[in-house]
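Enquirer: What follows is work_2.cif, made up of mmCIF, C-alpha atoms:
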data_work
loop_
_atom_site.label_atom_id
_atom_site.label_comp_id
_atom_site.auth_asym_id
_atom_site.auth_seq_id
_atom_site.Cartn_x
_atom_site.Cartn_y
_atom_site.Cartn_z
CA MET A 1 18.25 56.74 18.10
CA LYS A 2 19.94 54.25 15.78
CA LYS A 3 19.52 50.57 16.53
CA THR A 4 22.43 48.47 17.78
CA VAL A 5 24.50 46.25 15.50
CA GLU A 6 22.82 43.16 17.00
CA GLU A 7 19.32 44.56 16.42
CA GLN A 8 20.11 45.65 12.87
CA PHE A 9 21.69 42.29 12.08
CA LYS A 10 18.57 40.49 13.35
CA ILE A 11 16.26 42.58 11.15
CA ILE A 12 18.47 42.46 8.04
CA THR A 13 18.91 38.67 8.16
CA LYS A 14 15.23 37.86 8.78
CA GLY A 15 14.07 35.43 6.09
CA VAL A 16 17.41 35.56 4.21
CA GLU A 17 18.24 32.28 2.47
CA ARG A 18 21.98 32.85 2.04
CA MET A 19 24.46 35.54 3.00
CA VAL A 20 28.09 36.13 2.01
CA ASN A 21 29.24 36.76 4.63
CA GLU A 22 27.99 37.17 8.20
CA GLU A 23 31.13 38.50 9.89
CA ASP A 24 31.74 41.14 7.23
CA LEU A 25 28.16 42.39 7.60
CA LYS A 26 28.65 42.88 11.33
CA LYS A 27 31.91 44.78 10.68
CA LYS A 28 30.20 47.02 8.15
CA LEU A 29 27.36 47.74 10.59
CA GLU A 30 29.85 48.56 13.35
CA LYS A 31 31.71 50.95 11.05
CA SER A 32 28.44 52.52 9.92
CA LEU A 33 27.45 53.25 13.53
CA ARG A 34 30.93 54.43 14.48
CA ASP A 35 31.25 56.82 11.52
CA ASP A 36 27.54 57.75 11.48
CA LYS A 37 27.50 56.89 7.79
CA PRO A 38 24.77 54.77 6.18
CA LEU A 39 25.62 51.63 4.24
CA ILE A 40 24.98 51.74 0.49
CA VAL A 41 22.46 49.02 -0.31
CA LYS A 42 22.07 48.14 -3.98
CA LEU A 43 19.32 46.40 -5.91
CA GLY A 44 19.57 45.99 -9.66
CA LEU A 45 16.34 45.80 -11.65
CA ASP A 46 16.19 44.68 -15.26
CA PRO A 47 13.56 46.93 -16.88
CA SER A 48 11.50 44.18 -18.47
CA ALA A 49 7.75 44.81 -18.30
CA PRO A 50 7.02 44.89 -14.54
CA ASP A 51 3.83 44.01 -12.70
CA ILE A 52 4.84 43.46 -9.10
CA HIS A 53 3.24 40.80 -6.89
CA LEU A 54 4.21 39.68 -3.37
CA GLY A 55 6.84 37.32 -4.79
CA HIS A 56 8.64 40.22 -6.51
CA ALA A 57 8.17 42.36 -3.39
CA VAL A 58 10.20 40.03 -1.14
CA VAL A 59 13.48 41.78 -2.02
CA LEU A 60 11.86 45.24 -1.95
CA ARG A 61 10.47 44.62 1.54
CA LYS A 62 13.97 43.73 2.72
CA MET A 63 15.24 46.96 1.15
CA LYS A 64 12.49 48.87 3.00
CA GLN A 65 13.55 47.33 6.31
CA MET A 66 17.14 48.50 5.73
CA GLN A 67 15.87 51.90 4.64
CA ASP A 68 14.00 52.18 7.94
CA LEU A 69 17.28 51.37 9.71
CA GLY A 70 18.76 54.49 8.11
CA HIS A 71 20.79 52.99 5.26
CA GLN A 72 20.98 54.42 1.74
CA ILE A 73 18.92 52.47 -0.76
CA VAL A 74 20.04 52.62 -4.39
CA ILE A 75 17.87 51.12 -7.11
CA VAL A 76 19.85 50.54 -10.29
CA ILE A 77 17.60 50.40 -13.34
CA GLY A 78 19.50 48.32 -15.86
CA ASP A 79 18.64 50.40 -18.89
CA PHE A 80 22.05 49.64 -20.44
CA THR A 81 22.20 45.95 -19.46
CA GLY A 82 18.55 45.63 -20.53
CA LYS A 83 19.69 46.20 -24.09
CA ILE A 84 21.70 42.98 -23.81
CA GLY A 85 19.11 40.92 -21.95
CA ASP A 86 19.94 38.66 -19.02
CA PRO A 87 19.46 35.01 -20.06
CA THR A 88 19.13 33.77 -16.45
CA GLY A 89 17.56 30.33 -16.36
CA LYS A 90 16.78 30.34 -20.07
CA THR A 91 17.99 27.99 -22.79
CA GLN A 92 18.46 30.97 -25.09
CA GLY A 93 19.28 34.63 -24.69
CA ARG A 94 16.47 36.98 -23.64
CA LYS A 95 15.36 39.39 -26.34
CA ALA A 96 17.14 42.72 -26.01
CA LEU A 97 14.88 45.72 -25.36
CA SER A 98 14.69 48.88 -27.43
CA GLN A 99 15.50 52.24 -25.82
CA LYS A 100 11.82 53.18 -25.85
CA GLU A 101 10.80 49.90 -24.19
CA VAL A 102 13.52 50.33 -21.57
CA GLU A 103 12.39 53.88 -20.74
CA GLU A 104 8.69 52.97 -20.54
CA ASN A 105 9.30 49.91 -18.37
CA ALA A 106 11.71 51.79 -16.11
CA GLU A 107 9.12 54.50 -15.48
CA THR A 108 6.49 51.87 -14.60
CA TYR A 109 8.97 50.18 -12.28
CA LYS A 110 9.65 53.42 -10.43
CA GLN A 111 5.93 53.92 -9.84
CA GLN A 112 5.60 50.40 -8.42
CA ILE A 113 8.70 50.29 -6.21
CA PHE A 114 7.54 53.48 -4.48
CA LYS A 115 4.49 51.56 -3.34
CA ILE A 116 7.00 49.97 -0.94
CA LEU A 117 10.06 52.23 -0.67
CA ASP A 118 10.10 55.85 0.51
CA PRO A 119 10.74 57.93 -2.65
CA GLU A 120 12.32 60.72 -0.59
CA LYS A 121 14.96 58.34 0.77
CA THR A 122 15.54 56.21 -2.33
CA MET A 123 18.17 56.92 -4.95
CA VAL A 124 17.29 55.69 -8.46
CA ARG A 125 20.17 55.41 -10.92
CA PHE A 126 20.36 54.17 -14.51
CA ASN A 127 23.48 52.16 -15.30
CA SER A 128 23.78 53.80 -18.72
CA GLU A 129 25.15 56.77 -16.75
CA TRP A 130 28.48 54.96 -16.35
CA LEU A 131 28.37 51.93 -18.65
CA GLY A 132 27.54 54.10 -21.63
CA GLU A 133 30.66 56.17 -20.99
CA LEU A 134 33.19 53.31 -20.83
CA LYS A 135 35.84 53.37 -23.55
CA PHE A 136 36.98 50.22 -25.30
CA ASP A 137 40.25 49.96 -23.38
CA SER A 138 38.24 50.07 -20.11
CA ILE A 139 35.94 47.36 -21.45
CA LEU A 140 38.92 45.15 -22.31
CA LYS A 141 40.33 45.72 -18.84
CA LEU A 142 36.93 44.74 -17.37
CA ALA A 143 36.82 41.58 -19.51
CA SER A 144 40.33 40.62 -18.35
CA THR A 145 39.15 40.26 -14.73
CA THR A 146 37.49 36.89 -15.38
CA THR A 147 37.76 33.82 -17.63
CA VAL A 148 35.49 31.91 -19.98
CA ALA A 149 35.76 28.91 -17.64
CA ARG A 150 34.48 31.07 -14.78
CA MET A 151 31.55 32.30 -16.89
CA LEU A 152 30.64 28.73 -17.82
CA GLU A 153 30.21 27.97 -14.11
CA ARG A 154 26.97 29.94 -14.31
CA ASP A 155 24.22 27.32 -14.60
CA ASP A 156 22.38 28.70 -17.62
CA PHE A 157 25.60 29.24 -19.61
CA HIS A 158 26.83 25.77 -18.63
CA ASN A 159 23.55 24.12 -19.65
CA ARG A 160 23.42 25.93 -22.97
CA TYR A 161 27.05 25.10 -23.73
CA THR A 162 26.55 21.43 -22.79
CA ASN A 163 23.41 21.16 -24.93
CA ASN A 164 24.92 23.01 -27.90
CA PHE A 165 22.67 26.07 -27.57
CA PRO A 166 24.40 29.19 -28.86
CA ILE A 167 25.84 31.74 -26.43
CA GLY A 168 26.56 35.21 -27.76
CA LEU A 169 29.92 36.62 -26.69
CA HIS A 170 28.14 39.80 -25.60
CA GLU A 171 26.10 37.78 -23.06
CA PHE A 172 29.24 37.19 -20.97
CA PHE A 173 29.32 40.94 -20.39
CA TYR A 174 25.98 40.97 -18.53
CA PRO A 175 27.31 39.71 -15.15
CA LEU A 176 30.44 41.85 -15.60
CA MET A 177 28.34 44.96 -16.22
CA GLN A 178 26.08 44.26 -13.24
CA ALA A 179 29.25 43.79 -11.16
CA TYR A 180 30.63 47.09 -12.46
CA ASP A 181 27.49 48.81 -11.11
CA SER A 182 28.73 47.84 -7.63
CA ILE A 183 32.13 49.39 -8.39
CA GLU A 184 30.54 52.65 -9.48
CA LEU A 185 28.28 52.85 -6.43
CA LYS A 186 30.84 51.46 -3.94
CA ALA A 187 28.05 49.18 -2.76
CA ASP A 188 28.21 47.74 0.76
CA ILE A 189 25.34 45.30 0.31
CA GLU A 190 23.66 43.89 -2.79
CA LEU A 191 20.33 42.07 -2.67
CA GLY A 192 18.75 39.68 -5.09
CA GLY A 193 16.89 36.43 -5.49
CA THR A 194 18.74 33.13 -5.50
CA ASP A 195 18.57 33.20 -9.32
CA GLN A 196 21.00 36.16 -9.23
CA THR A 197 23.68 34.37 -7.20
CA PHE A 198 26.34 34.31 -9.93
CA ASN A 199 25.88 37.96 -10.92
CA ILE A 200 25.96 39.30 -7.34
CA LEU A 201 29.02 37.25 -6.37
CA MET A 202 30.71 38.57 -9.51
CA GLY A 203 30.29 42.01 -7.95
CA ARG A 204 32.33 40.90 -4.92
CA THR A 205 35.03 39.47 -7.20
CA LEU A 206 35.30 42.65 -9.25
CA GLN A 207 35.40 44.88 -6.15
CA LYS A 208 38.26 42.80 -4.73
CA THR A 209 40.12 42.98 -8.07
CA MET A 210 39.74 46.77 -8.07
CA ASN A 211 40.79 47.13 -4.42
CA GLN A 212 37.35 48.02 -3.09
CA GLU A 213 35.82 46.59 0.07
CA GLU A 214 33.68 43.63 -1.00
CA GLN A 215 29.92 44.00 -0.80
CA ILE A 216 27.77 41.69 1.31
CA ALA A 217 25.63 39.44 -0.86
CA LEU A 218 22.13 38.81 0.48
CA PHE A 219 19.97 36.25 -1.30
CA MET A 220 16.23 36.07 -0.63
CA PRO A 221 14.29 32.82 -1.17
CA ILE A 222 11.54 32.20 -3.69
CA LEU A 223 8.02 32.78 -2.33
CA GLU A 224 5.52 30.07 -3.20
CA GLY A 225 2.08 31.16 -4.38
CA LEU A 226 -1.43 30.34 -3.17
CA ASP A 227 -1.07 26.68 -4.21
CA GLY A 228 1.82 26.30 -1.77
CA VAL A 229 3.91 24.48 -4.37
CA GLU A 230 4.89 26.60 -7.35
CA LYS A 231 6.77 29.91 -7.35
CA MET A 232 4.30 32.81 -7.21
CA SER A 233 3.45 33.67 -10.80
CA LYS A 234 0.76 35.55 -12.69
CA SER A 235 0.82 32.96 -15.46
CA LEU A 236 -0.01 30.23 -12.91
CA GLY A 237 -2.75 32.33 -11.31
CA ASN A 238 -1.33 31.71 -7.81
CA TYR A 239 -0.25 35.29 -7.14
CA ILE A 240 -1.20 38.19 -4.86
CA GLY A 241 -0.70 41.48 -6.69
CA ILE A 242 0.34 44.54 -4.70
CA TYR A 243 -2.16 46.66 -6.66
CA GLU A 244 -5.12 44.35 -6.12
CA PRO A 245 -8.10 45.75 -4.17
CA ALA A 246 -7.83 45.30 -0.40
CA HIS A 247 -10.69 42.77 -0.17
CA ILE A 248 -9.11 40.60 -2.89
CA MET A 249 -5.67 40.77 -1.27
CA PHE A 250 -7.07 39.89 2.17
CA LYS A 251 -9.08 36.97 0.78
CA LYS A 252 -6.09 35.59 -1.13
CA VAL A 253 -3.81 35.66 1.93
CA MET A 254 -6.46 33.65 3.78
CA GLU A 255 -6.16 31.02 1.02
CA ILE A 256 -2.46 30.21 1.51
CA PRO A 257 -1.67 26.80 3.06
CA ASP A 258 -1.08 26.79 6.82
CA SER A 259 2.44 25.50 6.16
CA LEU A 260 3.37 28.85 4.57
CA ILE A 261 2.14 31.15 7.35
CA ILE A 262 5.57 31.70 8.91
CA LYS A 263 7.32 32.05 5.55
CA TYR A 264 4.85 34.76 4.52
CA TYR A 265 5.41 36.52 7.85
CA GLU A 266 9.17 36.44 7.21
CA LEU A 267 9.17 37.44 3.55
CA ALA A 268 5.99 39.44 2.94
CA THR A 269 5.71 41.55 6.12
CA ASP A 270 7.85 43.89 8.21
CA VAL A 271 6.94 42.12 11.46
CA HIS A 272 9.92 41.98 13.84
CA PRO A 273 11.79 38.64 14.07
CA ASP A 274 11.09 38.41 17.83
CA ASP A 275 7.35 38.73 17.21
CA ILE A 276 7.54 36.03 14.54
CA GLU A 277 9.17 33.70 17.08
CA VAL A 278 6.17 34.28 19.36
CA ILE A 279 3.81 33.40 16.49
CA LYS A 280 5.79 30.19 15.83
CA LYS A 281 5.38 29.17 19.47
CA GLU A 282 1.65 29.94 19.40
CA LEU A 283 1.19 27.71 16.35
CA SER A 284 3.28 24.92 17.87
CA THR A 285 1.20 25.00 21.08
CA GLY A 286 -2.13 24.66 19.33
CA LYS A 287 -3.33 28.11 18.31
CA ASN A 288 -5.80 27.90 15.41
CA PRO A 289 -3.84 28.58 12.18
CA LYS A 290 -6.88 30.35 10.74
CA ASP A 291 -6.68 32.98 13.51
CA VAL A 292 -2.96 33.47 12.89
CA LYS A 293 -3.58 33.72 9.15
CA PHE A 294 -6.29 36.32 9.79
CA GLN A 295 -3.67 38.53 11.50
CA LEU A 296 -1.25 37.85 8.64
CA ALA A 297 -3.86 38.96 6.11
CA LYS A 298 -4.34 42.20 8.07
CA GLU A 299 -0.56 42.78 8.21
CA ILE A 300 -0.02 42.27 4.48
CA THR A 301 -3.09 44.19 3.35
CA ALA A 302 -2.17 47.13 5.61
CA LEU A 303 1.20 47.44 3.87
CA TYR A 304 -0.48 48.36 0.58
CA HIS A 305 -3.82 49.90 1.60
CA THR A 306 -5.29 52.46 3.99
CA THR A 307 -6.67 51.57 7.42
CA HIS A 308 -10.18 52.20 6.08
CA ASP A 309 -9.62 49.81 3.15
CA VAL A 310 -8.35 47.11 5.52
CA GLU A 311 -11.42 47.49 7.74
CA GLU A 312 -13.69 47.19 4.69
CA ALA A 313 -11.76 44.14 3.49
CA ILE A 314 -12.30 42.45 6.88
CA LYS A 315 -16.04 43.23 6.73
CA TYR A 316 -16.19 41.80 3.22
CA TYR A 317 -14.35 38.64 4.22
CA GLU A 318 -16.44 38.04 7.33
CA ALA A 319 -19.67 38.62 5.47
CA ALA A 320 -18.75 36.46 2.50
CA PHE A 321 -16.82 33.64 4.11
CA THR A 322 -17.72 33.61 7.78
CA LYS A 323 -21.39 34.56 7.85
CA LYS A 324 -21.93 33.13 4.34
CA SER A 325 -24.02 36.15 3.30
CA ILE A 326 -23.56 38.63 0.46
CA PRO A 327 -20.92 41.26 1.32
CA ASP A 328 -21.58 44.98 0.96
CA ILE A 329 -18.61 45.64 -1.34
CA ILE A 330 -18.68 43.60 -4.55
CA PRO A 331 -16.82 44.13 -7.84
CA ASP A 332 -19.07 45.43 -10.63
CA LEU A 333 -19.52 43.56 -13.91
CA VAL A 334 -20.63 46.04 -16.56
CA LEU A 335 -22.85 44.55 -19.29
CA ASP A 336 -23.79 45.96 -22.68
CA ASP A 337 -27.50 46.63 -23.03
CA ASN A 338 -27.80 44.09 -25.84
CA LYS A 339 -26.03 41.34 -23.87
CA ASP A 340 -27.90 40.58 -20.71
CA LEU A 341 -28.17 36.77 -20.55
CA LEU A 342 -26.22 34.72 -18.04
CA ARG A 343 -24.34 33.06 -20.91
CA ASP A 344 -23.34 36.51 -22.21
CA ILE A 345 -21.30 37.31 -19.12
CA ILE A 346 -19.02 34.26 -19.36
CA PRO A 347 -16.43 35.87 -21.72
CA LEU A 348 -16.47 38.99 -19.52
CA LEU A 349 -15.85 36.93 -16.38
CA VAL A 350 -12.85 35.33 -18.09
CA LYS A 351 -11.54 38.69 -19.37
CA GLU A 352 -11.71 40.26 -15.91
CA LYS A 353 -10.15 37.12 -14.35
CA HIS A 354 -13.07 36.20 -12.11
CA ILE A 355 -12.84 32.73 -13.68
CA GLN A 356 -10.10 30.94 -15.61
CA SER A 357 -12.26 29.79 -18.51
CA GLY A 358 -15.80 29.32 -19.79
CA SER A 359 -15.52 25.57 -19.19
CA GLU A 360 -14.72 26.25 -15.53
CA PHE A 361 -17.91 28.33 -15.19
CA ARG A 362 -20.04 25.63 -16.83
CA ARG A 363 -18.48 22.97 -14.60
CA LEU A 364 -19.30 25.03 -11.49
CA LEU A 365 -22.82 25.53 -12.81
CA LYS A 366 -23.32 21.76 -13.16
CA GLN A 367 -21.93 21.21 -9.66
CA GLY A 368 -24.25 23.79 -8.10
CA GLY A 369 -21.40 26.21 -7.51
CA VAL A 370 -23.10 29.27 -9.06
CA GLN A 371 -25.73 31.35 -7.28
CA ILE A 372 -27.80 34.30 -8.49
CA ASN A 373 -29.16 36.43 -5.64
CA GLU A 374 -28.45 33.52 -3.23
CA GLU A 375 -30.45 31.07 -5.39
CA LYS A 376 -28.59 28.13 -6.91
CA ALA A 377 -28.36 28.37 -10.71
CA GLU A 378 -28.53 25.43 -13.09
CA GLU A 379 -27.56 24.89 -16.74
CA PRO A 380 -30.96 25.94 -18.19
CA ASP A 381 -30.46 29.26 -16.36
CA LEU A 382 -27.81 30.24 -18.93
CA ASP A 383 -30.67 31.87 -20.84
CA MET A 384 -31.82 33.83 -17.78
CA VAL A 385 -32.02 37.60 -18.29
CA LEU A 386 -29.88 39.41 -15.74
CA ALA A 387 -31.08 42.63 -14.14
CA CYS A 388 -29.03 45.55 -12.88
CA GLY A 389 -28.08 44.86 -9.26
CA ASP A 390 -28.18 41.05 -9.53
CA VAL A 391 -25.43 39.44 -7.46
CA ILE A 392 -23.70 36.36 -8.83
CA LYS A 393 -21.67 34.12 -6.54
CA ILE A 394 -19.11 31.94 -8.33
CA GLY A 395 -17.70 29.07 -6.31
CA LYS A 396 -17.22 29.65 -2.58
CA LYS A 397 -15.47 32.98 -2.61
CA LYS A 398 -16.17 35.20 -5.61
CA PHE A 399 -18.98 37.70 -6.05
CA VAL A 400 -19.85 40.09 -8.89
CA LYS A 401 -22.68 42.62 -9.18
CA ILE A 402 -24.38 43.23 -12.52
CA VAL A 403 -24.23 46.84 -13.71
CA LYS A 404 -25.61 48.13 -17.01
#
Once more with this new file: its structure as structure tokens, please.
Expert:
Amino acid sequence: MKKTVEEQFKIITKGVERMVNEEDLKKKLEKSLRDDKPLIVKLGLDPSAPDIHLGHAVVLRKMKQMQDLGHQIVIVIGDFTGKIGDPTGKTQGRKALSQKEVEENAETYKQQIFKILDPEKTMVRFNSEWLGELKFDSILKLASTTTVARMLERDDFHNRYTNNFPIGLHEFFYPLMQAYDSIELKADIELGGTDQTFNILMGRTLQKTMNQEEQIALFMPILEGLDGVEKMSKSLGNYIGIYEPAHIMFKKVMEIPDSLIIKYYELATDVHPDDIEVIKKELSTGKNPKDVKFQLAKEITALYHTTHDVEEAIKYYEAAFTKKSIPDIIPDLVLDDNKDLLRDIIPLLVKEKHIQSGSEFRRLLKQGGVQINEEKAEEPDLDMVLACGDVIKIGKKKFVKIVK
């Protein structure tokens, strides 16, 4: 049985930062129920090299929630627009991608989005299907729907123009082409991050110009990373990757600041809004945030891993960080036979991202933050010969097992 308009509205708007507009969404949901016809929900993806973490997944999780409500999800891979490059937030245009790069990245993207979306219920389209077929008179007609002044309202164009950075004429076509995708699909809803505000609202403008019903624009907020300050980013090392092993994912969720617990529930899980309200009340009346975070870690890890993997991740966490003993499941560190000293593993630890740098490892060593088989290591121990099966603890939370 399909959910009511009120229930669907509650789920769709959970965690949303901005919506244009509320009343039109309710009307579309009413019509969808009345006609027994799903809404067309669009998400455009620029096929730059993808490697999805929880920050990227915020929009995809919202798409999944609408998919579960019975609406038609359409992922538009911007293989045609990718050849232009979207300069969002940049002082200069993004490098255009070659056809080969576009195809390779698009294929990788499809593999990753189906970690979240149901592939059987998801339509994937490439905007070269329609943009590549437009004739020049159609392109001129498209260009006539807006003005240069309107384009310069977009922050990055405005900043570049003000600071005398060049803007290619072709770059003005990017938001128009993304908007035309909505025309082609007759989109009812388009999702994106707040950095896509201009492009998505352009879709509404173009639909109105071409006598189509305007799409609802849903903007999802930025998810802060483990530091609780900066936007989640691989380059900053504050991310949680959706392909990371379950025990790493669980541990990382436990590291987020208490102030972000509710935001992670809203943006990184499919927990119902009513249940999140209960969690808010529990926190406000004195429930231990660590216990709430433990449940959050289970929720998030279960979205990307099997029940067995989640159970093993909990065992690992409790053994390593609650009981302070060595956990049963530890990542292997494979050494060459001719490199078996403690100092030899430092470059390998950096390469496999167990530590940020060699200087970080040496600093931890001086501070007593490195243990070998539960014995504290010191600087002279850099020349210690490591044996197969030795367990090295780095800092408070990381373990590796030596394998040869």
Enquirer: Once the PyMOL selection byres ((chain A and resi 299) around 10) is applied to the coordinates I shared, what remains selected? I want it as JSON, numbers by chain.
Expert: {"A": [250, 265, 268, 269, 270, 271, 293, 294, 295, 296, 297, 298, 300, 301, 302, 303, 304, 310]}
Enquirer: Pick out the residues sitting within 7 Å of Asp181 of chain A, and hand them over as a ChimeraX atom specification; count all atoms listed in the file, and ignore anything fewer than 4 positions along from it in its own chain.
Expert: /A:127,177,185
Enquirer: Might you spell out which residues the PyMOL selection byres ((chain A and resi 402) around 8) would select in the displayed file, as a compact mmCIF listing (two decimals) with C-alpha atoms, keeping the file's coordinate frame?
Expert:
# COMPACT_ATOMS: atom_id res chain seq x y z
CA ASP A 332 -19.07 45.43 -10.63
CA LEU A 333 -19.52 43.56 -13.91
CA VAL A 334 -20.63 46.04 -16.56
CA LEU A 335 -22.85 44.55 -19.29
CA LEU A 386 -29.88 39.41 -15.74
CA ALA A 387 -31.08 42.63 -14.14
CA CYS A 388 -29.03 45.55 -12.88
CA GLY A 389 -28.08 44.86 -9.26
CA ASP A 390 -28.18 41.05 -9.53
CA VAL A 391 -25.43 39.44 -7.46
CA ILE A 392 -23.70 36.36 -8.83
CA VAL A 400 -19.85 40.09 -8.89
CA LYS A 401 -22.68 42.62 -9.18
CA VAL A 403 -24.23 46.84 -13.71
CA LYS A 404 -25.61 48.13 -17.01
Enquirer: Can you list what the PyMOL selection byres ((chain A and resi 212-219) around 7) grabs from this structure, as a CSV table (one decimal) with C-alpha atoms, keeping the file's coordinate frame?
Expert:
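File produced: part21.csv:
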chain,number,residue,atom,x,y,z
A,16,VAL,CA,17.4,35.6,4.2
A,17,GLU,CA,18.2,32.3,2.5
A,18,ARG,CA,22.0,32.8,2.0
A,19,MET,CA,24.5,35.5,3.0
A,20,VAL,CA,28.1,36.1,2.0
A,21,ASN,CA,29.2,36.8,4.6
A,25,LEU,CA,28.2,42.4,7.6
A,187,ALA,CA,28.0,49.2,-2.8
A,188,ASP,CA,28.2,47.7,0.8
A,189,ILE,CA,25.3,45.3,0.3
A,190,GLU,CA,23.7,43.9,-2.8
A,191,LEU,CA,20.3,42.1,-2.7
A,192,GLY,CA,18.8,39.7,-5.1
A,193,GLY,CA,16.9,36.4,-5.5
A,194,THR,CA,18.7,33.1,-5.5
A,200,ILE,CA,26.0,39.3,-7.3
A,201,LEU,CA,29.0,37.2,-6.4
A,204,ARG,CA,32.3,40.9,-4.9
A,207,GLN,CA,35.4,44.9,-6.2
A,208,LYS,CA,38.3,42.8,-4.7
A,210,MET,CA,39.7,46.8,-8.1
A,211,ASN,CA,40.8,47.1,-4.4
A,220,MET,CA,16.2,36.1,-0.6
A,221,PRO,CA,14.3,32.8,-1.2
Enquirer: What is the distance between atom CA of Gln178 of chain A and atom CA of Arg154 of chain A, in Å to one decimal?
Expert: 14.4 Å
Enquirer: Just the residues within 8 Å of Leu176 of chain A, please, counting all atoms listed in the file, with nothing from its chain fewer than 3 positions along; format it as a PyMOL selection string.
Expert: chain A and resi 142-143+172-173+179-180+199+202-203
Enquirer: Would you kindly return, as a PyMOL selection string, each protein, DNA or RNA residue with an atom no farther than 8 Å from any atom of segment 340-355 of chain A, considering all atoms listed in the file and excluding same-chain residues fewer than 6 positions away?
Expert: chain A and resi 333+361+381-387+398
Enquirer: Which residue, A:Leu223, A:Leu29, A:Ile116, A:Ile40, has the smallest gap to Lys62 of chain A when you use all atoms listed in the file?
Expert: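 Closest candidate: A:Ile116.
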Enquirer: How many Å separate atom CA of Val102 of chain A from atom CA of Met232 of chain A?
Expert: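 Those two atoms sit 24.5 Å apart.
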Enquirer: Using atom CA of Val253 of chain A and atom CA of Ile240 of chain A as the two end points, give the distance in Å to one decimal.
Expert: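 Atom CA of Ile240 of chain A lies 7.7 Å from atom CA of Val253 of chain A.
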Enquirer: Go through A:Tyr264, A:Trp130, A:Thr122, A:Lys251 and flag the residue nearest Ala57 of chain A, using only C-alpha atoms for the distances.
Expert: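 Checking each of A:Tyr264, A:Trp130, A:Thr122, A:Lys251 against Ala57 of chain A, counting only C-alpha atoms, the winner is A:Tyr264.
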Enquirer: From the list A:Ile242, A:Lys135, A:His53, A:Ser284, which residue is nearest Lys115 of chain A when using only C-alpha atoms?
Expert: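 Smallest separation from Lys115 of chain A among the options: A:Ile242.
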Enquirer: Restricting the calculation to all atoms listed in the file, which member of A:Pro327, A:Gly15, A:Gly55, A:Pro47 is positioned closest to Lys231 of chain A?
Expert: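 That would be A:Gly55, the residue with the smallest distance to Lys231 of chain A.
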Enquirer: Quick one: residues within 10 Å of Val229 of chain A, only C-alpha atoms counted, chain neighbours fewer than 4 positions away excluded, as a list in words?
Expert: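 Residues meeting the cut-off are Leu223, Glu224, Gly225, Asn238, Pro257 and Leu260 of chain A.
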Enquirer: Pick out the residues sitting within 8 Å of Phe321 of chain A, and hand them over as a PyMOL selection string; count only C-alpha atoms, and ignore anything fewer than 4 positions along from it in its own chain.
Expert: chain A and resi 317+325+396-397
